[in-house]
$ cat coords.cif   # mmCIF, C-alpha atoms and all ligand atoms
data_upload
loop_
_atom_site.group_PDB
_atom_site.id
_atom_site.type_symbol
_atom_site.label_atom_id
_atom_site.label_comp_id
_atom_site.auth_asym_id
_atom_site.auth_seq_id
_atom_site.Cartn_x
_atom_site.Cartn_y
_atom_site.Cartn_z
ATOM 1 C CA MET A 1 7.772 -6.415 22.482
ATOM 2 C CA ASN A 2 10.939 -8.131 21.347
ATOM 3 C CA ARG A 3 9.613 -8.117 17.877
ATOM 4 C CA LEU A 4 9.246 -4.355 17.773
ATOM 5 C CA PHE A 5 12.885 -3.908 18.633
ATOM 6 C CA THR A 6 13.916 -6.421 16.008
ATOM 7 C CA ARG A 7 12.084 -4.462 13.365
ATOM 8 C CA ARG A 8 13.612 -1.186 14.441
ATOM 9 C CA GLY A 9 17.054 -2.734 14.156
ATOM 10 C CA LEU A 10 16.354 -3.655 10.572
ATOM 11 C CA ILE A 11 15.298 -0.302 9.257
ATOM 12 C CA GLY A 12 18.728 0.226 7.699
ATOM 13 C CA SER A 13 17.936 -2.262 4.972
ATOM 14 C CA GLY A 14 15.020 -0.075 3.959
ATOM 15 C CA ILE A 15 17.433 2.665 3.047
ATOM 16 C CA ALA A 16 19.262 0.347 0.670
ATOM 17 C CA ILE A 17 15.987 -0.613 -0.964
ATOM 18 C CA GLY A 18 15.062 3.045 -1.269
ATOM 19 C CA ALA A 19 18.195 3.651 -3.283
ATOM 20 C CA GLY A 20 17.185 0.911 -5.743
ATOM 21 C CA GLY A 21 13.792 2.532 -6.151
ATOM 22 C CA LEU A 22 15.406 5.843 -6.935
ATOM 23 C CA VAL A 23 17.352 4.373 -9.795
ATOM 24 C CA GLY A 24 14.005 3.372 -11.285
ATOM 25 C CA GLY A 25 12.724 6.918 -10.762
ATOM 26 C CA CYS A 26 15.778 8.254 -12.510
ATOM 27 C CA ASP A 27 15.111 6.070 -15.560
ATOM 28 C CA ARG A 28 11.606 7.366 -15.825
ATOM 29 C CA LEU A 29 12.566 10.971 -15.325
ATOM 30 C CA GLY A 30 15.125 10.475 -18.050
ATOM 31 C CA GLU A 31 12.263 9.915 -20.463
ATOM 32 C CA SER A 32 10.961 13.415 -19.860
ATOM 33 C CA PRO A 33 12.553 15.926 -22.285
ATOM 34 C CA THR A 34 12.332 18.767 -19.765
ATOM 35 C CA PHE A 35 14.119 16.721 -17.174
ATOM 36 C CA ARG A 36 16.841 15.714 -19.631
ATOM 37 C CA LYS A 37 17.621 19.369 -20.240
ATOM 38 C CA ILE A 38 18.267 19.843 -16.548
ATOM 39 C CA LEU A 39 20.218 16.727 -15.711
ATOM 40 C CA SER A 40 21.292 13.496 -17.244
ATOM 41 C CA CYS A 41 20.752 10.323 -15.310
ATOM 42 C CA GLY A 42 24.315 9.140 -15.618
ATOM 43 C CA GLU A 43 25.636 12.197 -13.836
ATOM 44 C CA ALA A 44 26.598 12.217 -10.222
ATOM 45 C CA MET A 45 23.578 13.391 -8.354
ATOM 46 C CA ASN A 46 23.010 12.911 -4.700
ATOM 47 C CA ARG A 47 20.038 10.970 -3.474
ATOM 48 C CA HIS A 48 18.556 13.928 -1.729
ATOM 49 C CA ALA A 49 18.407 15.927 -4.950
ATOM 50 C CA GLN A 50 16.910 12.970 -6.774
ATOM 51 C CA ARG A 51 14.270 12.614 -4.124
ATOM 52 C CA LEU A 52 13.255 16.243 -4.443
ATOM 53 C CA LEU A 53 13.043 15.930 -8.213
ATOM 54 C CA THR A 54 11.012 12.739 -8.222
ATOM 55 C CA ASP A 55 7.461 13.491 -9.226
ATOM 56 C CA ARG A 56 5.040 11.879 -6.798
ATOM 57 C CA ASN A 57 2.631 11.216 -9.641
ATOM 58 C CA ALA A 58 5.211 9.236 -11.601
ATOM 59 C CA LEU A 59 4.428 5.571 -12.054
ATOM 60 C CA ALA A 60 6.281 2.848 -10.165
ATOM 61 C CA ARG A 61 8.225 0.561 -12.444
ATOM 62 C CA GLU A 62 6.199 -2.299 -13.905
ATOM 63 C CA PHE A 63 7.757 -5.667 -14.749
ATOM 64 C CA SER A 64 7.141 -8.435 -17.274
ATOM 65 C CA VAL A 65 5.305 -11.695 -16.605
ATOM 66 C CA ALA A 66 8.651 -13.510 -16.796
ATOM 67 C CA GLU A 67 9.929 -11.489 -13.836
ATOM 68 C CA ILE A 68 7.129 -12.501 -11.436
ATOM 69 C CA SER A 69 8.561 -14.131 -8.283
ATOM 70 C CA PRO A 70 7.717 -17.834 -8.079
ATOM 71 C CA PHE A 71 6.543 -17.371 -4.489
ATOM 72 C CA PHE A 72 5.239 -14.175 -2.920
ATOM 73 C CA ARG A 73 5.912 -14.598 0.763
ATOM 74 C CA GLY A 74 3.617 -13.332 3.447
ATOM 75 C CA ASN A 75 4.852 -10.939 6.109
ATOM 76 C CA GLY A 76 3.480 -9.482 9.329
ATOM 77 C CA SER A 77 0.057 -10.958 10.000
ATOM 78 C CA GLN A 78 -0.474 -13.962 7.780
ATOM 79 C CA ASN A 79 -3.838 -15.183 9.026
ATOM 80 C CA PRO A 80 -5.955 -13.021 11.336
ATOM 81 C CA GLY A 81 -7.315 -15.455 13.893
ATOM 82 C CA THR A 82 -9.870 -13.152 15.478
ATOM 83 C CA GLY A 83 -12.905 -10.962 14.926
ATOM 84 C CA GLY A 84 -14.820 -13.374 12.758
ATOM 85 C CA TYR A 85 -12.048 -13.587 10.161
ATOM 86 C CA PRO A 86 -11.738 -17.392 10.245
ATOM 87 C CA ALA A 87 -15.483 -17.728 9.610
ATOM 88 C CA HIS A 88 -15.315 -15.243 6.727
ATOM 89 C CA ALA A 89 -12.397 -17.133 5.228
ATOM 90 C CA ALA A 90 -14.241 -20.460 5.545
ATOM 91 C CA ALA A 91 -17.214 -18.923 3.692
ATOM 92 C CA GLY A 92 -15.014 -17.632 0.867
ATOM 93 C CA PHE A 93 -15.574 -14.049 2.105
ATOM 94 C CA ALA A 94 -19.158 -14.129 0.769
ATOM 95 C CA ASP A 95 -20.320 -11.940 3.668
ATOM 96 C CA TRP A 96 -17.195 -9.754 3.928
ATOM 97 C CA ARG A 97 -18.053 -6.069 3.630
ATOM 98 C CA VAL A 98 -15.812 -3.126 2.946
ATOM 99 C CA SER A 99 -17.019 0.308 3.948
ATOM 100 C CA VAL A 100 -16.029 3.587 2.311
ATOM 101 C CA SER A 101 -16.948 6.285 4.789
ATOM 102 C CA GLY A 102 -15.873 9.451 6.576
ATOM 103 C CA LEU A 103 -15.720 12.659 4.533
ATOM 104 C CA VAL A 104 -17.767 11.343 1.626
ATOM 105 C CA ALA A 105 -21.164 12.351 0.281
ATOM 106 C CA ARG A 106 -22.404 8.770 -0.226
ATOM 107 C CA PRO A 107 -20.953 6.207 2.219
ATOM 108 C CA LEU A 108 -20.655 2.756 0.634
ATOM 109 C CA THR A 109 -20.808 -0.771 1.985
ATOM 110 C CA LEU A 110 -19.533 -3.155 -0.664
ATOM 111 C CA SER A 111 -19.411 -6.930 -0.954
ATOM 112 C CA MET A 112 -16.441 -8.621 -2.576
ATOM 113 C CA ALA A 113 -18.673 -9.562 -5.529
ATOM 114 C CA GLN A 114 -19.448 -5.881 -6.049
ATOM 115 C CA ILE A 115 -15.805 -4.896 -5.735
ATOM 116 C CA ARG A 116 -14.682 -7.580 -8.187
ATOM 117 C CA SER A 117 -17.259 -6.430 -10.716
ATOM 118 C CA MET A 118 -15.933 -2.870 -10.707
ATOM 119 C CA PRO A 119 -13.408 -1.659 -13.307
ATOM 120 C CA ARG A 120 -10.072 -3.299 -12.639
ATOM 121 C CA ARG A 121 -6.441 -2.598 -13.183
ATOM 122 C CA SER A 122 -3.558 -5.094 -13.173
ATOM 123 C CA GLN A 123 0.081 -4.251 -12.593
ATOM 124 C CA ILE A 124 3.258 -6.246 -12.096
ATOM 125 C CA THR A 125 5.307 -4.439 -9.467
ATOM 126 C CA ARG A 126 8.034 -5.010 -6.925
ATOM 127 C CA HIS A 127 7.175 -5.000 -3.235
ATOM 128 C CA ASP A 128 10.002 -3.800 -0.982
ATOM 129 C CA CYS A 129 9.852 -4.557 2.735
ATOM 130 C CA VAL A 130 12.063 -2.678 5.213
ATOM 131 C CA GLU A 131 13.004 -6.023 6.688
ATOM 132 C CA GLY A 132 15.190 -6.554 3.639
ATOM 133 C CA TRP A 133 13.276 -8.616 1.114
ATOM 134 C CA SER A 134 11.505 -7.863 -2.155
ATOM 135 C CA ALA A 135 9.139 -9.796 -4.396
ATOM 136 C CA ILE A 136 7.543 -9.130 -7.773
ATOM 137 C CA GLY A 137 3.861 -9.925 -8.210
ATOM 138 C CA LYS A 138 0.938 -9.193 -10.480
ATOM 139 C CA TRP A 139 -1.832 -7.414 -8.599
ATOM 140 C CA THR A 140 -5.388 -6.925 -9.819
ATOM 141 C CA GLY A 141 -7.964 -4.717 -8.173
ATOM 142 C CA VAL A 142 -10.173 -1.682 -8.318
ATOM 143 C CA PRO A 143 -8.435 1.703 -8.433
ATOM 144 C CA LEU A 144 -8.908 3.417 -5.081
ATOM 145 C CA SER A 145 -9.754 6.621 -6.978
ATOM 146 C CA ARG A 146 -12.744 4.813 -8.441
ATOM 147 C CA LEU A 147 -14.104 3.884 -5.003
ATOM 148 C CA LEU A 148 -13.555 7.416 -3.723
ATOM 149 C CA ASP A 149 -15.288 8.875 -6.787
ATOM 150 C CA GLN A 150 -18.251 6.610 -6.279
ATOM 151 C CA ALA A 151 -18.488 7.675 -2.639
ATOM 152 C CA GLY A 152 -18.020 11.355 -3.552
ATOM 153 C CA MET A 153 -15.100 12.536 -1.467
ATOM 154 C CA ILE A 154 -15.734 15.871 0.249
ATOM 155 C CA ASP A 155 -13.256 18.769 -0.133
ATOM 156 C CA ARG A 156 -12.053 18.723 3.462
ATOM 157 C CA ALA A 157 -10.674 15.173 3.082
ATOM 158 C CA ARG A 158 -6.871 15.068 3.257
ATOM 159 C CA PHE A 159 -6.027 11.443 4.109
ATOM 160 C CA ILE A 160 -7.409 7.980 3.531
ATOM 161 C CA VAL A 161 -7.297 5.588 6.494
ATOM 162 C CA PHE A 162 -7.410 1.798 6.041
ATOM 163 C CA ARG A 163 -8.561 -0.362 8.930
ATOM 164 C CA CYS A 164 -7.648 -4.037 8.907
ATOM 165 C CA ALA A 165 -9.109 -7.191 10.420
ATOM 166 C CA ASP A 166 -5.899 -8.366 12.108
ATOM 167 C CA ARG A 167 -4.398 -7.357 15.406
ATOM 168 C CA ILE A 168 -0.763 -7.461 16.394
ATOM 169 C CA GLY A 169 -0.368 -7.862 20.148
ATOM 170 C CA ASP A 170 -4.081 -6.982 20.441
ATOM 171 C CA VAL A 171 -3.736 -3.689 18.541
ATOM 172 C CA PRO A 172 -5.590 -3.407 15.220
ATOM 173 C CA TYR A 173 -3.362 -2.855 12.173
ATOM 174 C CA TYR A 174 -4.151 0.309 10.251
ATOM 175 C CA GLU A 175 -2.480 2.551 7.722
ATOM 176 C CA SER A 176 -3.067 5.887 6.001
ATOM 177 C CA ILE A 177 -1.982 7.728 2.865
ATOM 178 C CA ASP A 178 -2.485 11.233 1.513
ATOM 179 C CA LEU A 179 -4.594 12.107 -1.517
ATOM 180 C CA VAL A 180 -1.623 12.224 -3.911
ATOM 181 C CA ASP A 181 -1.124 8.516 -3.316
ATOM 182 C CA ALA A 182 -4.829 7.751 -2.930
ATOM 183 C CA LEU A 183 -5.552 9.142 -6.408
ATOM 184 C CA HIS A 184 -2.357 7.754 -8.044
ATOM 185 C CA PRO A 185 -3.295 5.485 -10.979
ATOM 186 C CA GLN A 186 -1.395 2.501 -9.544
ATOM 187 C CA THR A 187 -3.038 2.736 -6.121
ATOM 188 C CA ILE A 188 -5.529 -0.109 -6.135
ATOM 189 C CA MET A 189 -7.532 -2.192 -3.702
ATOM 190 C CA ALA A 190 -6.264 -5.568 -4.867
ATOM 191 C CA TRP A 191 -8.281 -8.760 -4.697
ATOM 192 C CA ALA A 192 -6.026 -10.971 -6.853
ATOM 193 C CA LEU A 193 -2.355 -11.889 -6.905
ATOM 194 C CA ASN A 194 -0.871 -13.540 -9.976
ATOM 195 C CA ASP A 195 -4.336 -14.053 -11.510
ATOM 196 C CA ARG A 196 -5.766 -15.884 -8.479
ATOM 197 C CA LEU A 197 -7.888 -14.554 -5.641
ATOM 198 C CA LEU A 198 -5.586 -13.240 -2.895
ATOM 199 C CA PRO A 199 -4.161 -15.920 -0.640
ATOM 200 C CA ILE A 200 -4.904 -15.398 3.041
ATOM 201 C CA ARG A 201 -1.246 -14.757 3.794
ATOM 202 C CA ASN A 202 -1.199 -11.873 1.306
ATOM 203 C CA GLY A 203 -4.289 -10.117 2.710
ATOM 204 C CA ALA A 204 -7.463 -11.842 1.499
ATOM 205 C CA PRO A 205 -9.951 -10.735 0.496
ATOM 206 C CA LEU A 206 -8.758 -7.152 -0.118
ATOM 207 C CA ARG A 207 -5.508 -5.257 0.380
ATOM 208 C CA LEU A 208 -4.047 -1.927 -0.553
ATOM 209 C CA ARG A 209 -1.310 -1.597 -3.179
ATOM 210 C CA VAL A 210 0.370 1.798 -2.981
ATOM 211 C CA GLU A 211 3.256 1.139 -5.293
ATOM 212 C CA ARG A 212 5.429 4.183 -4.595
ATOM 213 C CA GLN A 213 5.796 3.261 -0.921
ATOM 214 C CA LEU A 214 7.402 0.576 1.225
ATOM 215 C CA GLY A 215 5.684 -2.663 2.218
ATOM 216 C CA TYR A 216 4.245 -1.745 5.592
ATOM 217 C CA LYS A 217 1.990 0.877 3.965
ATOM 218 C CA HIS A 218 0.209 -1.850 1.929
ATOM 219 C CA ALA A 219 -2.601 -2.639 4.373
ATOM 220 C CA LYS A 220 -3.942 -6.203 4.147
ATOM 221 C CA TYR A 221 -7.345 -7.590 5.299
ATOM 222 C CA VAL A 222 -8.979 -4.181 4.695
ATOM 223 C CA GLN A 223 -12.477 -3.729 6.114
ATOM 224 C CA SER A 224 -12.814 0.008 6.161
ATOM 225 C CA ILE A 225 -11.632 2.881 3.985
ATOM 226 C CA GLU A 226 -12.224 6.254 5.575
ATOM 227 C CA ALA A 227 -11.621 9.777 4.264
ATOM 228 C CA VAL A 228 -10.482 12.109 7.051
ATOM 229 C CA ALA A 229 -9.217 15.674 7.457
ATOM 230 C CA SER A 230 -6.558 14.797 10.031
ATOM 231 C CA LEU A 231 -4.826 11.764 11.489
ATOM 232 C CA ASP A 232 -5.157 13.094 15.045
ATOM 233 C CA GLY A 233 -7.026 10.737 17.313
ATOM 234 C CA ILE A 234 -6.643 7.755 14.973
ATOM 235 C CA GLY A 235 -4.535 5.040 16.572
ATOM 236 C CA LEU A 236 -1.752 6.929 18.359
ATOM 237 C CA GLY A 237 -1.919 9.714 15.764
ATOM 238 C CA LYS A 238 1.086 8.912 13.588
ATOM 239 C CA GLY A 239 -0.904 7.404 10.739
ATOM 240 C CA GLY A 240 -0.157 3.707 11.002
ATOM 241 C CA PHE A 241 0.409 0.732 13.255
ATOM 242 C CA TRP A 242 4.201 0.730 12.839
ATOM 243 C CA GLU A 243 4.508 4.513 12.637
ATOM 244 C CA ASP A 244 2.822 4.639 16.062
ATOM 245 C CA ARG A 245 5.268 2.125 17.562
ATOM 246 C CA VAL A 246 8.678 2.299 15.916
ATOM 247 C CA ASP A 247 10.565 4.887 13.930
ATOM 248 C CA TYR A 248 8.998 3.990 10.584
ATOM 249 C CA GLU A 249 8.241 7.050 8.480
ATOM 250 C CA TRP A 250 4.621 7.834 7.696
ATOM 251 C CA TYR A 251 5.680 8.740 4.167
ATOM 252 C CA ALA A 252 7.682 5.717 3.056
ATOM 253 C CA GLY A 253 8.321 6.740 -0.552
ATOM 254 C CA ILE A 254 10.521 4.626 -2.792
HETATM 255 N N1 LIG B 1 -3.168 -5.785 8.015
HETATM 256 C C1 LIG B 1 -1.853 -5.882 7.847
HETATM 257 N N2 LIG B 1 -1.303 -5.341 6.752
HETATM 258 C C2 LIG B 1 0.031 -5.439 6.549
HETATM 259 C C3 LIG B 1 0.891 -6.063 7.486
HETATM 260 C C4 LIG B 1 0.278 -6.628 8.641
HETATM 261 O O1 LIG B 1 0.926 -7.225 9.519
HETATM 262 N N3 LIG B 1 -1.094 -6.522 8.780
HETATM 263 N N4 LIG B 1 2.248 -6.129 7.271
HETATM 264 C C5 LIG B 1 2.797 -5.150 6.313
HETATM 265 C C6 LIG B 1 4.158 -5.438 5.885
HETATM 266 S S1 LIG B 1 5.423 -5.009 6.937
HETATM 267 C C7 LIG B 1 4.451 -5.901 4.630
HETATM 268 S S2 LIG B 1 6.022 -6.069 4.072
HETATM 269 C C8 LIG B 1 3.372 -6.330 3.733
HETATM 270 C C9 LIG B 1 3.552 -7.789 3.404
HETATM 271 O O2 LIG B 1 2.657 -8.179 2.407
HETATM 272 P P1 LIG B 1 2.593 -9.715 2.061
HETATM 273 O O3 LIG B 1 2.184 -10.458 3.290
HETATM 274 O O4 LIG B 1 1.630 -9.835 0.932
HETATM 275 O O5 LIG B 1 3.995 -10.143 1.659
HETATM 276 O O6 LIG B 1 2.075 -6.165 4.286
HETATM 277 C C10 LIG B 1 1.920 -5.019 5.069
HETATM 278 N N5 LIG B 1 0.537 -4.895 5.423
HETATM 279 MO MO MO B 2 7.298 -5.007 5.636
#

$ encode --input "coords.cif" --output "structure tokens" --more "lines below"
Ligand SMILES: Nc1nc2c(c(=O)[nH]1)N[C@H]1C(S)=C(S)[C@@H](COP(=O)(O)O)O[C@H]1N2
Ligand SMILES: [Mo]
Amino acid sequence: MNRLFTRRGLIGSGIAIGAGGLVGGCDRLGESPTFRKILSCGEAMNRHAQRLLTDRNALAREFSVAEISPFFRGNGSQNPGTGGYPAHAAAGFADWRVSVSGLVARPLTLSMAQIRSMPRRSQITRHDCVEGWSAIGKWTGVPLSRLLDQAGMIDRARFIVFRCADRIGDVPYYESIDLVDALHPQTIMAWALNDRLLPIRNGAPLRLRVERQLGYKHAKYVQSIEAVASLDGIGLGKGGFWEDRVDYEWYAGI
């Protein structure tokens, strides 16, 4: 329980990180001619106004190879010790399966070999954790939109829920995002970091990258992807492990 209070105490640093992210958003908006007519980025503009003007479909900033952090630390769970995970890890995740289910026409059960053979996207992005650290890494994976297309998402779906193999204090980690983020081109189910298969500490064999949001949204050790109409009745109903327990926002946009 101590740990939960520690994390709550640190949320302030997330606000500082958010401000950095907004500067990036401002740069990108500045490239749009329509936006330039309305405002110029150098002008005084409060953060609230910027937030309202930031297009949720805009891309997160991407970095160059030279900017990749030499070490991408792990945070939160760094090696799920339960539920068969150690055996899966020892077998190189050969028998790991990821389900795509819920409000879909064709539920899928995919092996890592199948997922790695799907179309891939790579992106070098900055991960911002509310605990006050950031790291830049190159992520490679299958666009989530691709998986959802293959499964045939049904109209009533509003959210995508990710269930993870790890537990914190015996509670399974989970997260959720809406369809704007689920279908965003940089939202991928990543299986590689810096051109190597994901290390265990960073979520092997598969983790979410949802680049316009803070670190806790990026579910690691993903076993199930589920399309749902509502978050009621999932976990404690607030859409994520930390959202259920501390005052972390469900929408953690940066
Ligand atoms: N399954 C799971 N996913 C998780 C966490 C976790 O504890 N369990 N921690 C979150 C937090 S707070 C952060 S900052 C990132 C850390 O990713 P990293 O370990 O690759 O640095 O994972 C997120 N996803
Ligand atoms: Mo985090």

$ resolve_selection --input "coords.cif" --expression "the PyMOL selection byres (((chain A and resi 59) around 8) and not hetatm)" --output "list in words"
Asn57, Ala58, Ala60, Arg61, Pro185, Gln186 and Arg212 of chain A

$ write_last_selection --input "coords.cif" --atoms "C-alpha atoms" --output "CSV table (one decimal), keeping the file's coordinate frame"
chain,number,residue,atom,x,y,z
A,57,ASN,CA,2.6,11.2,-9.6
A,58,ALA,CA,5.2,9.2,-11.6
A,60,ALA,CA,6.3,2.8,-10.2
A,61,ARG,CA,8.2,0.6,-12.4
A,185,PRO,CA,-3.3,5.5,-11.0
A,186,GLN,CA,-1.4,2.5,-9.5
A,212,ARG,CA,5.4,4.2,-4.6

$ closest_residue --input "coords.cif" --among "A:Glu249, A:Glu131, A:Glu67, A:Asp166" --to "ligand MO 2 (chain B)" --atoms "only C-alpha atoms and all ligand atoms"
A:Glu131

$ closest_residue --input "coords.cif" --among "A:Val171, A:Gly239, A:Gly203, A:Leu108" --to "A:Tyr85" --atoms "all atoms listed in the file"
A:Gly203

$ residues_near_ligand --input "coords.cif" --ligand "ligand LIG 1 (chain B)" --cutoff "8 Å" --atoms "all atoms listed in the file" --output "PyMOL selection string"
chain A and resi 72-78+127-131+135+163-168+172-174+201-203+207+214-222

$ resolve_selection --input "coords.cif" --expression "the PyMOL selection byres (((chain A and resi 141) around 10) and not hetatm)" --output "ChimeraX atom specification"
/A:115-123,139-140,142-144,186-193,206-209

$ closest_residue --input "coords.cif" --among "A:Ala89, A:Val246, A:Ala227, A:Ile124" --to "A:Asn194" --atoms "all atoms listed in the file"
A:Ile124

$ closest_residue --input "coords.cif" --among "A:Phe159, A:Trp133, A:Phe241, A:Phe71" --to "ligand MO 2 (chain B)" --atoms "all atoms listed in the file"
A:Trp133

$ residues_around --input "coords.cif" --residues "A:Ala66" --least-positions-apart "4" --cutoff "12 Å" --atoms "all atoms listed in the file" --output "list in words"
Glu62, Pro70, Ile124, Ile136, Gly137, Lys138 and Asn194 of chain A

$ write_last_selection --input "coords.cif" --atoms "C-alpha atoms" --output "short mmCIF file (atom, residue, chain, number, x, y, z; two decimals), in the coordinates of the input"
data_model
loop_
_atom_site.label_atom_id
_atom_site.label_comp_id
_atom_site.auth_asym_id
_atom_site.auth_seq_id
_atom_site.Cartn_x
_atom_site.Cartn_y
_atom_site.Cartn_z
CA GLU A 62 6.20 -2.30 -13.90
CA PRO A 70 7.72 -17.83 -8.08
CA ILE A 124 3.26 -6.25 -12.10
CA ILE A 136 7.54 -9.13 -7.77
CA GLY A 137 3.86 -9.93 -8.21
CA LYS A 138 0.94 -9.19 -10.48
CA ASN A 194 -0.87 -13.54 -9.98
#

$ atom_distance --input "coords.cif" --atom1 "atom CA of A:Asp55" --atom2 "atom CA of A:Glu175"
22.5 Å
